[in-house]
Amino acid sequence: MRFHAARSEIFLCFVIAGCATRAPQEMPPPETATAEPQPVLEVEPAEPDAAPIPEPAPVIEARLPVRVCAGGDVLLGNNLDTLWAGRASERLGRRVDPFPDPDSLLAPLRPLVPDADVVLLNIEGAIGEGPAPNKCRPGSTTCYSFRQPIDVARSLGRFAEPATVVGNVANNHAMDAGLEGFNATIRHLVESNVRPTGNDTLPTLVVAPSGRDTVAVLGFSTFR
C-alpha cells in the first residue's frame with residue numbers, strides 16, 4: 001500500500017508541476033518601423049498637341065495681258081504698174097513717187113501700236129522684183145496687179161519693234177506675181193522677221209513676251 005501511495009504522490013507532484021502557472025515574461029516593445037522619405041517625382045505637365053503648320057498656299061503669278069493690234073490692207077508702192085503714180089499726181093496736183101520710202105509711210109502709224117505684243121497686217125500684194133507674169137487679161141480696165149519692192153518687207157519687220165508682226169497673205173492680190181512671186185513674197189517676209197500666215201492650212205503661232213501664252217493666227221480667203 002505504501003508503494004502505491006508513494007507513486008500517487010510522485011504523480012501528483014508531476015501534475016502540479018506541469019500545471020503550475022509561469023510568471024509572464026516582459027516582452028521587448030515592438031520596434032516601430034520608420035518609413036524612409038520617398039523622393040518626390042516632379043511630373044511636368046503634358047504639352048498640348050501642337051497644331052499642324054499649314055502648307056503655304058501656292059503663289060499664282062498674275063498673267064500679263066497680251067495686246068494684239070490689227071491693221072488693214074498694206075500696199076506701199078507698186079512696181080508692176082507705175083502708171084497709177086501719174087494718175088495720182090494729176091488728181092492730187094503734186095508729184096507722187098511710184099516707189100515711196102516705206103519707212104516714211106509707216107512712220108505716222110507707229111504711235112498707234114506703242115505697246116503692242118502682236119501686230120496683224122494684210123499684205124495686199126506680192127513682194128519682190130524682176131519680171132513677173134501678167135495676171136490681168138489684155139484690155140481689162142478693172143484688173144489691178146500689185147507688187148511691192150523688197151524694202152517694204154524690211155520696213156514691215158521693224159515697224160512695230162519689239163512686237164511681232166504677222167502678215168496675212170491669204171487675199172486676192174497675193175498671187176499678183178504668179179506662184180513664183182508668191183513664194184518670193186513668203187521668203188522676203190520671213191527674212192525680215194515678219195511671220196506669214198495664210199500661205200498654208202496651219203495657224204501661225206506667236207509666243208507672248210511673258211512666255212506663258214501663245215497666240216494662234218490663221219489667215220484664210222474665199223478668193224481662188
# chains A, B, ... in the order shown; residues from 1 in each chain; ligands from 1

$ residues_around --residues "Ala174 of chain A" --least-positions-apart "4" --cutoff "9 Å" --atoms "only C-alpha atoms" --output "list in words"
Ile123, Glu124, Gly125, Ala126, Ile127, Phe146, Arg147, Val169, Ala170, Gly178, Gly181, Phe182 and Thr185 of chain A

$ residues_around --residues "Leu218 of chain A" --least-positions-apart "4" --cutoff "12 Å" --atoms "only C-alpha atoms" --output "PDB file with C-alpha atoms, in the first residue's frame"
ATOM      1  CA  LEU A 120      -1.634  91.827-137.645  1.00  0.00           C
ATOM      2  CA  ASN A 122      -2.918  92.155-144.503  1.00  0.00           C
ATOM      3  CA  VAL A 166       2.154  88.756-138.606  1.00  0.00           C
ATOM      4  CA  GLY A 167       1.464  89.299-142.310  1.00  0.00           C
ATOM      5  CA  ASN A 168      -1.586  87.683-143.880  1.00  0.00           C
ATOM      6  CA  VAL A 169      -1.090  86.620-147.499  1.00  0.00           C
ATOM      7  CA  ALA A 170      -4.489  84.961-147.955  1.00  0.00           C
ATOM      8  CA  ARG A 195       5.585  85.899-139.603  1.00  0.00           C
ATOM      9  CA  PRO A 196       3.453  84.967-142.634  1.00  0.00           C
ATOM     10  CA  THR A 197       0.037  83.375-142.238  1.00  0.00           C
ATOM     11  CA  GLY A 198      -2.492  82.197-144.793  1.00  0.00           C
ATOM     12  CA  ASN A 199       0.114  80.524-147.004  1.00  0.00           C
ATOM     13  CA  ASP A 200      -0.996  77.070-145.789  1.00  0.00           C
ATOM     14  CA  THR A 201      -3.694  75.467-143.652  1.00  0.00           C
ATOM     15  CA  LEU A 202      -1.761  75.707-140.371  1.00  0.00           C
ATOM     16  CA  PRO A 203      -2.059  78.563-137.860  1.00  0.00           C
ATOM     17  CA  THR A 204       0.923  80.795-137.203  1.00  0.00           C
ATOM     18  CA  LEU A 205       1.916  80.584-133.521  1.00  0.00           C
ATOM     19  CA  VAL A 206       3.316  83.603-131.702  1.00  0.00           C
TER      20      VAL A 206
END

$ residues_around --residues "Ser221 of chain A" --least-positions-apart "2" --cutoff "8 Å" --atoms "only C-alpha atoms" --output "ChimeraX atom specification"
/A:170-172,198,219,223-224

$ select_by_dssp --residues "segment 48-156 of chain A" --states "strand (DSSP E)" --output "number ranges by chain"
A: 68-74, 118-123, 126-127, 147-148

$ residues_around --residues "Pro65 of chain A" --least-positions-apart "3" --cutoff "12 Å" --atoms "only C-alpha atoms" --output "NGL selection string"
:A and (62 or 68 or 115-118 or 208-215)

$ write_last_selection --atoms "N, CA and C atoms" --output "PDB file, in the first residue's frame"
ATOM      1  N   ALA A  62       0.282  86.651-111.514  1.00  0.00           N
ATOM      2  CA  ALA A  62      -0.736  87.284-112.345  1.00  0.00           C
ATOM      3  C   ALA A  62      -0.321  87.215-113.810  1.00  0.00           C
ATOM      4  N   VAL A  68      -3.019  92.663-128.797  1.00  0.00           N
ATOM      5  CA  VAL A  68      -2.979  92.372-130.232  1.00  0.00           C
ATOM      6  C   VAL A  68      -3.608  93.542-130.976  1.00  0.00           C
ATOM      7  N   ASP A 115       2.583  99.830-127.502  1.00  0.00           N
ATOM      8  CA  ASP A 115       2.698  98.770-126.501  1.00  0.00           C
ATOM      9  C   ASP A 115       2.104  97.454-126.990  1.00  0.00           C
ATOM     10  N   ALA A 116       2.074  97.263-128.296  1.00  0.00           N
ATOM     11  CA  ALA A 116       1.510  96.028-128.852  1.00  0.00           C
ATOM     12  C   ALA A 116       2.484  94.870-128.684  1.00  0.00           C
ATOM     13  N   ASP A 117       1.926  93.682-128.476  1.00  0.00           N
ATOM     14  CA  ASP A 117       2.724  92.453-128.457  1.00  0.00           C
ATOM     15  C   ASP A 117       2.697  91.764-129.818  1.00  0.00           C
ATOM     16  N   VAL A 118       1.546  91.843-130.484  1.00  0.00           N
ATOM     17  CA  VAL A 118       1.380  91.245-131.807  1.00  0.00           C
ATOM     18  C   VAL A 118       0.652  92.252-132.691  1.00  0.00           C
ATOM     19  N   ALA A 208       3.828  84.942-126.584  1.00  0.00           N
ATOM     20  CA  ALA A 208       3.782  86.265-125.965  1.00  0.00           C
ATOM     21  C   ALA A 208       5.076  86.538-125.209  1.00  0.00           C
ATOM     22  N   PRO A 209       5.407  87.809-124.962  1.00  0.00           N
ATOM     23  CA  PRO A 209       6.652  88.135-124.243  1.00  0.00           C
ATOM     24  C   PRO A 209       6.764  87.465-122.883  1.00  0.00           C
ATOM     25  N   SER A 210       5.629  87.208-122.204  1.00  0.00           N
ATOM     26  CA  SER A 210       5.683  86.558-120.893  1.00  0.00           C
ATOM     27  C   SER A 210       6.145  85.117-120.984  1.00  0.00           C
ATOM     28  N   GLY A 211       6.021  84.513-122.180  1.00  0.00           N
ATOM     29  CA  GLY A 211       6.394  83.118-122.343  1.00  0.00           C
ATOM     30  C   GLY A 211       5.344  82.146-121.858  1.00  0.00           C
ATOM     31  N   ARG A 212       4.219  82.637-121.345  1.00  0.00           N
ATOM     32  CA  ARG A 212       3.189  81.766-120.787  1.00  0.00           C
ATOM     33  C   ARG A 212       1.956  81.667-121.667  1.00  0.00           C
ATOM     34  N   ASP A 213       1.879  82.497-122.696  1.00  0.00           N
ATOM     35  CA  ASP A 213       0.715  82.487-123.577  1.00  0.00           C
ATOM     36  C   ASP A 213       1.176  82.399-125.027  1.00  0.00           C
ATOM     37  N   THR A 214       0.327  81.800-125.841  1.00  0.00           N
ATOM     38  CA  THR A 214       0.605  81.665-127.267  1.00  0.00           C
ATOM     39  C   THR A 214      -0.613  82.133-128.050  1.00  0.00           C
ATOM     40  N   VAL A 215      -0.362  82.969-129.036  1.00  0.00           N
ATOM     41  CA  VAL A 215      -1.429  83.481-129.897  1.00  0.00           C
ATOM     42  C   VAL A 215      -1.359  82.731-131.223  1.00  0.00           C
TER      43      VAL A 215
END

$ residues_around --residues "Val96 of chain A" --least-positions-apart "3" --cutoff "10 Å" --atoms "only C-alpha atoms" --output "VMD selection string"
chain A and resid 84 to 93 99 to 100

$ write_last_selection --atoms "C-alpha atoms" --output "PDB file, in the first residue's frame"
ATOM      1  CA  TRP A  84      -1.013 104.755-161.221  1.00  0.00           C
ATOM      2  CA  ALA A  85       1.561 107.296-159.995  1.00  0.00           C
ATOM      3  CA  GLY A  86       0.888 109.578-162.981  1.00  0.00           C
ATOM      4  CA  ARG A  87      -2.866 109.440-162.462  1.00  0.00           C
ATOM      5  CA  ALA A  88      -2.436 110.068-158.733  1.00  0.00           C
ATOM      6  CA  SER A  89      -0.190 113.078-159.439  1.00  0.00           C
ATOM      7  CA  GLU A  90      -2.852 114.637-161.676  1.00  0.00           C
ATOM      8  CA  ARG A  91      -5.562 114.041-159.094  1.00  0.00           C
ATOM      9  CA  LEU A  92      -3.563 115.409-156.135  1.00  0.00           C
ATOM     10  CA  GLY A  93      -1.872 118.241-158.028  1.00  0.00           C
ATOM     11  CA  PHE A  99       8.349 103.948-155.177  1.00  0.00           C
ATOM     12  CA  PRO A 100       7.903 105.951-151.948  1.00  0.00           C
TER      13      PRO A 100
END

$ atom_distance --atom1 "atom CA of Tyr144 of chain A" --atom2 "atom CA of His188 of chain A"
21.9 Å

$ closest_residue --among "A:Leu156, A:Gly128, A:Ala216, A:Ser145" --to "Glu180 of chain A" --atoms "only C-alpha atoms"
A:Gly128
